[in-house]
Amino acid sequence: MNALLALSLKELRLLARDWHGLAVLFAVPVLFILLLSLALRDAFDPAASARLRLQLVDQDRGALARQFAAELKALPGVEFDAQAPVRVTVLPGFSELLATRADLAAELIAGQAEPALLQIDYAASTLPQTRGLAALNVRGALLQVQSDYLFREVLGYPEARRAELRFLGDPRRLPITEAFRDGAGRTVAAPTAVQQNVPGWLIFAMFFAVIPLATSFVVERSQGSLLRLRVLGVPAGTLLLSKALPYYCVNLLQMLVMLAVGIWLVPALGGDRLDPGHSALGLWLLGSATSLAAIGLALCVAVTVRTTLQATIAGGAISLLLAALGGVMVPKLVMPPAMQTLTQLSPMAWSLDGFSRLLVAGGGVHDILPAGGALLAFAAATLALAALLYRHTVQSHPG
Amino acid sequence: MPPAAPPAPPAACRPDPSAEPSNVIHARGLTKLYRGAEQPALAGIDFDVAAGSVFGLLGPNGAGKTTLMSLLTGIQRADAGRLTVAGAELPAQIDALRPLLGFAPQELAFYPALSVDENLRLFAKLTPGADAASRAAAIATADLGAHLRRRAETLSGGLKRRLNFAIALLGRPRLLLLDEPTAGVDPQSRNFLLERIAALRASGVTVLYSSHYLEEIERICDAALLLDRGRVVMHGDIATLRGAHARIEDAFLQLTERTLRD
């Protein structure tokens, strides 16, 4: 026990003096959380994704053009802004053509050439979904003007009747419900940017401990301290445990720091606030299971590689691959179904699923049992493999 | 924490009655073949080391010195042969030997980011039999008192060697295994270390000393074992090793040939 404590404290002391290691474990994930939670805030917000900033140029100046502008502005999410990347120009002749050409629709259906009523210009950087939203809103507003004109001037409907028709046609009153579903068709809650990025980069940072842990192991071996410890009779189990315990503490500290960043720092900088959920016990259990899985993997890499360069390359590549596959970088929900199935190959995806149940769906310990169990099984397998590989390594080399 | 006394060894592990009681190390037929290797690292070697002597371990690269050290420290098991150290059969009774054993590897086997004092305290906690008094004695022997607060990575080459040496002394060893303890240091530091080793011998410590610096072997060793390609080329006192040559290095080159080794 004394040996384990002494070696664990040594490991923490070495880590505290390794600024590069600390940067990798703490500063990098904090920066990723801040940058991506702020940059992708609107991308994860359904209301924000329906917002459309337009600049309107009225070259017609007729009554129907003014009505079109009013209809457009009244649509949900539409804002007029002189600096907007989408410009809608009401072309000269708009009002006259609509007023005098009540048979416009028939002519269009017949495929007759028709002078344009509206012109939409997009900034080159405009995203496809923004272009689609702009076109949809412009058509909606034009349809309102046309139908209103038709009901009023051609069919002679009274104002009350027209108001009723307008009420029924209001896109804000469409009888549609929406839900997010995972690859298995189950209804799931869609995360906000901060709900995706805090657990995502926390898990990534926990697994990124493979680099400092494996590097420290390689350095100990190449500098002969590992040999000295073996000569002193330090058991292999104590040696591996003395690596695992400090990194478990570091991983839990990472979790506290990343959660604090999501709860306080991200909203202070204009992003959404992270709701930590209702289960501190669930967070601790899931964080512990994730940590043990990450440490098991890190120890496997540590006892396998022979140089610090190998440790850095192998550790970095494995972490990045598992993160990309596991939905840390690209949310699982936006992946095609086949890719969503593939994410289950990554323990990061299991952990992310557990955190999603706690932080997005507000679940408790019961909800994270599948994810936690899978992570613990992974941890047990990798820790056993690391012990076997270590035993094989020391028996194959003189020093 | 010192290990508990091991249970009585089985008959096959009891001390060899043929071994001279004055010998600290008694090796017969030691053989070691690593997995996948074509040639054995050690091919049935025999040697004895007298108590209270400084015993040189010589040989070109790949001779088997490191493998022999790993057998003597109990971290490897011989495929065949018998090895008795201070009456303990190795590797079965290594726990009984550890409180008597000090080992300084060829590498600077400590933590560069820790201070001299932190390194000594850490290894003292891991060394059977070490305590505050033995730590103070090790610091005095290696003359590190003025450098305790310095990080090990900032020490000169000579000071690093002295720290490596001091860690080996933490448990007040009666048998000290030193693997190239003066590699890469200046003549002053080398002289200092050799004087301290001679002083340890005078106090009754047996030293097994591996080095490529043959003048050191000649200066401080009472006897030596010359290995080459896993076999004993010569075993005896320094005068026997030197033979008719003026310098031990000439004898070494004649006995092990001048061919470059891998």
# chains A, B, ... in the order shown; residues from 1 in each chain; ligands from 1

call {"tool": "closest_atom_pairs", "arguments": {"of": "chain B", "to": "chain A", "cutoff": "6 Å", "atoms": "only C-alpha atoms", "output": "tab-separated table"}}
result
residue	atom	partner	partner_atom	distance
B:Thr67	CA	A:Pro398	CA	5.3
B:Thr73	CA	A:Val231	CA	5.8
B:Glu107	CA	A:Gly224	CA	5.3
B:Leu108	CA	A:Gln223	CA	5.9
B:Ala109	CA	A:Ser225	CA	4.2
B:Phe110	CA	A:Ser225	CA	5.3
B:Leu126	CA	A:Ala3	CA	5.7

call {"tool": "write_last_selection", "arguments": {"atoms": "N, CA and C atoms", "output": "compact mmCIF listing (two decimals), in the first residue's frame"}}
result
# COMPACT_ATOMS: atom_id res chain seq x y z
N THR B 67 22.23 -9.52 -19.09
CA THR B 67 21.42 -10.69 -18.75
C THR B 67 21.85 -11.26 -17.40
N THR B 73 19.57 -9.91 -10.10
CA THR B 73 18.56 -9.08 -9.44
C THR B 73 17.21 -9.78 -9.37
N GLU B 107 21.51 2.89 -16.93
CA GLU B 107 20.74 4.10 -17.22
C GLU B 107 20.62 4.94 -15.95
N LEU B 108 20.36 6.24 -16.13
CA LEU B 108 20.13 7.10 -14.97
C LEU B 108 18.70 6.85 -14.51
N ALA B 109 18.57 5.88 -13.62
CA ALA B 109 17.26 5.34 -13.29
C ALA B 109 16.60 6.11 -12.15
N PHE B 110 16.18 7.33 -12.46
CA PHE B 110 15.40 8.13 -11.51
C PHE B 110 14.49 9.05 -12.33
N LEU B 126 10.35 2.63 -1.37
CA LEU B 126 10.21 1.38 -2.12
C LEU B 126 11.32 0.38 -1.82

call {"tool": "select_by_dssp", "arguments": {"residues": "segment 168-218 of chain B", "states": "strand (DSSP E)", "output": "PyMOL selection string"}}
result
chain B and resi 175-179+206-210

call {"tool": "write_last_selection", "arguments": {"atoms": "C-alpha atoms", "output": "tab-separated table (two decimals), in the first residue's frame"}}
result
chain	number	residue	atom	x	y	z
B	175	LEU	CA	25.84	-6.67	-2.07
B	176	LEU	CA	26.02	-3.80	-4.53
B	177	LEU	CA	25.50	-4.35	-8.26
B	178	LEU	CA	26.84	-1.45	-10.30
B	179	ASP	CA	26.29	-1.46	-14.05
B	206	THR	CA	30.62	-6.85	-1.80
B	207	VAL	CA	30.52	-5.01	-5.11
B	208	LEU	CA	29.85	-6.47	-8.54
B	209	TYR	CA	31.16	-3.88	-10.94
B	210	SER	CA	30.42	-3.87	-14.67

call {"tool": "residues_around", "arguments": {"residues": "Leu345 of chain A", "least_positions_apart": "2", "cutoff": "8 Å", "atoms": "only C-alpha atoms", "output": "PDB file with C-alpha atoms, in the first residue's frame"}}
result
ATOM      1  CA  LEU A 325     -16.303   7.255 -35.033  1.00  0.00           C
ATOM      2  CA  GLY A 326     -18.019   7.825 -31.709  1.00  0.00           C
ATOM      3  CA  LEU A 342     -20.857   1.970 -36.694  1.00  0.00           C
ATOM      4  CA  THR A 343     -20.549   4.476 -33.843  1.00  0.00           C
ATOM      5  CA  PRO A 347     -16.458   3.297 -26.368  1.00  0.00           C
ATOM      6  CA  ALA A 349     -20.087   6.606 -28.284  1.00  0.00           C
TER       7      ALA A 349
END

call {"tool": "atom_distance", "arguments": {"atom1": "atom CA of Asp250 of chain B", "atom2": "atom CA of His26 of chain B"}}
result
28.4 Å

call {"tool": "residues_around", "arguments": {"residues": "segment 69-86 of chain A", "least_positions_apart": "4", "cutoff": "12 Å", "atoms": "only C-alpha atoms", "output": "ChimeraX atom specification"}}
result
/A:46-65,90,94-95,118-128,130-148,166,169-173

call {"tool": "closest_residue", "arguments": {"among": "A:Gln195, A:Ser319, A:Gln67, A:Gln310", "to": "Met258 of chain A", "atoms": "only C-alpha atoms"}}
result
A:Gln195

call {"tool": "closest_residue", "arguments": {"among": "A:Met348, A:Ile368, A:Val198, A:Leu97", "to": "Leu36 of chain A", "atoms": "only C-alpha atoms"}}
result
A:Val198

call {"tool": "atom_distance", "arguments": {"atom1": "atom CA of Glu180 of chain B", "atom2": "atom CA of Ala41 of chain B"}}
result
19.0 Å

call {"tool": "atom_distance", "arguments": {"atom1": "atom CA of Ala27 of chain A", "atom2": "atom CA of Ala293 of chain A"}}
result
21.8 Å

call {"tool": "residues_around", "arguments": {"residues": "segment 224-238 of chain B", "least_positions_apart": "4", "cutoff": "9 Å", "atoms": "only C-alpha atoms", "output": "VMD selection string"}}
result
chain B and resid 31 to 32 39 to 49 54 to 65 208 to 209 217 to 218 242 to 243 248 252 255 to 256

call {"tool": "write_last_selection", "arguments": {"atoms": "N, CA and C atoms", "output": "short mmCIF file (atom, residue, chain, number, x, y, z; two decimals), in the first residue's frame"}}
result
data_model
loop_
_atom_site.label_atom_id
_atom_site.label_comp_id
_atom_site.auth_asym_id
_atom_site.auth_seq_id
_atom_site.Cartn_x
_atom_site.Cartn_y
_atom_site.Cartn_z
N THR B 31 22.31 -20.65 -17.77
CA THR B 31 21.97 -20.60 -19.20
C THR B 31 20.69 -19.79 -19.38
N LYS B 32 20.72 -18.91 -20.37
CA LYS B 32 19.51 -18.13 -20.67
C LYS B 32 19.39 -17.95 -22.18
N GLN B 39 21.08 -17.51 -30.55
CA GLN B 39 22.17 -17.87 -29.64
C GLN B 39 21.75 -17.58 -28.20
N PRO B 40 22.19 -18.39 -27.26
CA PRO B 40 21.85 -18.08 -25.85
C PRO B 40 22.58 -16.83 -25.38
N ALA B 41 21.91 -16.04 -24.55
CA ALA B 41 22.56 -14.87 -23.97
C ALA B 41 23.60 -15.32 -22.95
N LEU B 42 23.34 -16.42 -22.27
CA LEU B 42 24.32 -17.03 -21.37
C LEU B 42 24.33 -18.53 -21.67
N ALA B 43 25.53 -19.09 -21.80
CA ALA B 43 25.62 -20.49 -22.23
C ALA B 43 26.36 -21.31 -21.18
N GLY B 44 25.70 -21.54 -20.04
CA GLY B 44 26.26 -22.43 -19.03
C GLY B 44 27.47 -21.86 -18.30
N ILE B 45 27.34 -20.67 -17.76
CA ILE B 45 28.52 -20.05 -17.13
C ILE B 45 28.63 -20.41 -15.64
N ASP B 46 29.87 -20.52 -15.16
CA ASP B 46 30.19 -20.79 -13.75
C ASP B 46 31.06 -19.65 -13.23
N PHE B 47 30.79 -19.18 -12.04
CA PHE B 47 31.71 -18.23 -11.40
C PHE B 47 31.32 -18.08 -9.93
N ASP B 48 32.27 -17.57 -9.15
CA ASP B 48 32.03 -17.26 -7.73
C ASP B 48 32.54 -15.87 -7.44
N VAL B 49 31.89 -15.23 -6.48
CA VAL B 49 32.34 -13.90 -6.05
C VAL B 49 32.55 -13.96 -4.54
N VAL B 54 35.59 -6.53 -4.54
CA VAL B 54 35.01 -5.84 -5.69
C VAL B 54 35.29 -6.73 -6.90
N PHE B 55 34.23 -7.15 -7.53
CA PHE B 55 34.33 -8.16 -8.59
C PHE B 55 33.94 -7.52 -9.92
N GLY B 56 34.87 -7.56 -10.87
CA GLY B 56 34.61 -6.94 -12.17
C GLY B 56 33.84 -7.85 -13.10
N LEU B 57 32.93 -7.25 -13.86
CA LEU B 57 32.18 -8.00 -14.87
C LEU B 57 32.49 -7.33 -16.21
N LEU B 58 33.19 -8.06 -17.06
CA LEU B 58 33.70 -7.48 -18.30
C LEU B 58 33.16 -8.22 -19.50
N GLY B 59 33.22 -7.53 -20.64
CA GLY B 59 32.84 -8.18 -21.88
C GLY B 59 32.42 -7.15 -22.91
N PRO B 60 32.57 -7.49 -24.18
CA PRO B 60 32.11 -6.57 -25.23
C PRO B 60 30.59 -6.46 -25.21
N ASN B 61 30.08 -5.56 -26.03
CA ASN B 61 28.61 -5.45 -26.13
C ASN B 61 28.04 -6.79 -26.58
N GLY B 62 26.93 -7.18 -25.96
CA GLY B 62 26.29 -8.45 -26.33
C GLY B 62 26.93 -9.66 -25.68
N ALA B 63 27.83 -9.43 -24.73
CA ALA B 63 28.54 -10.55 -24.10
C ALA B 63 27.63 -11.34 -23.16
N GLY B 64 26.60 -10.66 -22.61
CA GLY B 64 25.70 -11.32 -21.66
C GLY B 64 25.73 -10.67 -20.28
N LYS B 65 26.41 -9.53 -20.16
CA LYS B 65 26.54 -8.87 -18.84
C LYS B 65 25.18 -8.41 -18.30
N LEU B 208 29.69 -5.91 -7.20
CA LEU B 208 29.85 -6.47 -8.54
C LEU B 208 29.82 -5.29 -9.49
N TYR B 209 30.92 -5.12 -10.22
CA TYR B 209 31.16 -3.88 -10.94
C TYR B 209 31.31 -4.16 -12.43
N ILE B 217 38.58 -1.22 -13.76
CA ILE B 217 38.57 -2.61 -13.30
C ILE B 217 39.92 -2.93 -12.66
N GLU B 218 40.96 -2.51 -13.36
CA GLU B 218 42.31 -2.77 -12.88
C GLU B 218 42.56 -2.07 -11.54
N ARG B 242 45.21 -10.17 -16.60
CA ARG B 242 46.18 -9.39 -17.37
C ARG B 242 47.19 -10.33 -18.06
N GLY B 243 47.54 -11.40 -17.37
CA GLY B 243 48.48 -12.36 -17.92
C GLY B 243 49.82 -11.70 -18.22
N ILE B 248 45.57 -4.32 -19.14
CA ILE B 248 44.43 -5.25 -19.15
C ILE B 248 43.64 -5.14 -20.46
N PHE B 252 42.24 -8.01 -22.85
CA PHE B 252 40.82 -8.05 -23.21
C PHE B 252 40.65 -8.23 -24.72
N LEU B 255 41.73 -11.73 -25.80
CA LEU B 255 40.82 -12.80 -25.39
C LEU B 255 39.47 -12.75 -26.11
N THR B 256 39.03 -11.55 -26.44
CA THR B 256 37.70 -11.42 -27.07
C THR B 256 37.79 -11.09 -28.55
#

call {"tool": "residues_around", "arguments": {"residues": "Ala289 of chain A", "least_positions_apart": "5", "cutoff": "6 Å", "atoms": "only C-alpha atoms", "output": "list in words"}}
result
Gly372, Leu375 and Leu376 of chain A

call {"tool": "select_by_dssp", "arguments": {"residues": "segment 237-324 of chain A", "states": "helix (DSSP H, G or I)", "output": "JSON, numbers by chain"}}
result
{"A": [237, 238, 239, 240, 241, 242, 243, 244, 245, 246, 247, 248, 249, 250, 251, 252, 253, 254, 255, 256, 257, 258, 259, 260, 261, 262, 263, 264, 265, 266, 267, 268, 280, 281, 282, 283, 284, 285, 286, 287, 288, 289, 290, 291, 292, 293, 294, 295, 296, 297, 298, 299, 300, 301, 302, 303, 304, 308, 309, 310, 311, 312, 313, 314, 315, 316, 317, 318, 319, 320, 321, 322, 323, 324]}

call {"tool": "residues_around", "arguments": {"residues": "segment 195-202 of chain B", "least_positions_apart": "3", "cutoff": "12 Å", "atoms": "only C-alpha atoms", "output": "JSON, numbers by chain"}}
result
{"B": [50, 51, 52, 53, 54, 55, 137, 138, 140, 141, 142, 143, 162, 165, 166, 168, 169, 172, 173, 174, 175, 176, 177, 178, 181, 182, 188, 189, 190, 191, 192, 205, 206, 207, 208, 209, 216, 217, 219, 220, 221, 222]}

call {"tool": "closest_residue", "arguments": {"among": "A:Met335, A:Val360, A:Ile295, A:Ala99", "to": "Val154 of chain A", "atoms": "only C-alpha atoms"}}
result
A:Ala99

call {"tool": "closest_residue", "arguments": {"among": "B:Arg28, B:Arg149, B:Arg98, B:Lys160", "to": "Pro112 of chain B", "atoms": "only C-alpha atoms"}}
result
B:Lys160

call {"tool": "closest_residue", "arguments": {"among": "B:Leu194, B:Ala86, B:Ala136, B:Ala152", "to": "Glu215 of chain B", "atoms": "only C-alpha atoms"}}
result
B:Leu194

call {"tool": "closest_residue", "arguments": {"among": "A:Leu320, A:Ala193, A:Ala244, A:Leu150", "to": "Gly262 of chain A", "atoms": "only C-alpha atoms"}}
result
A:Ala193
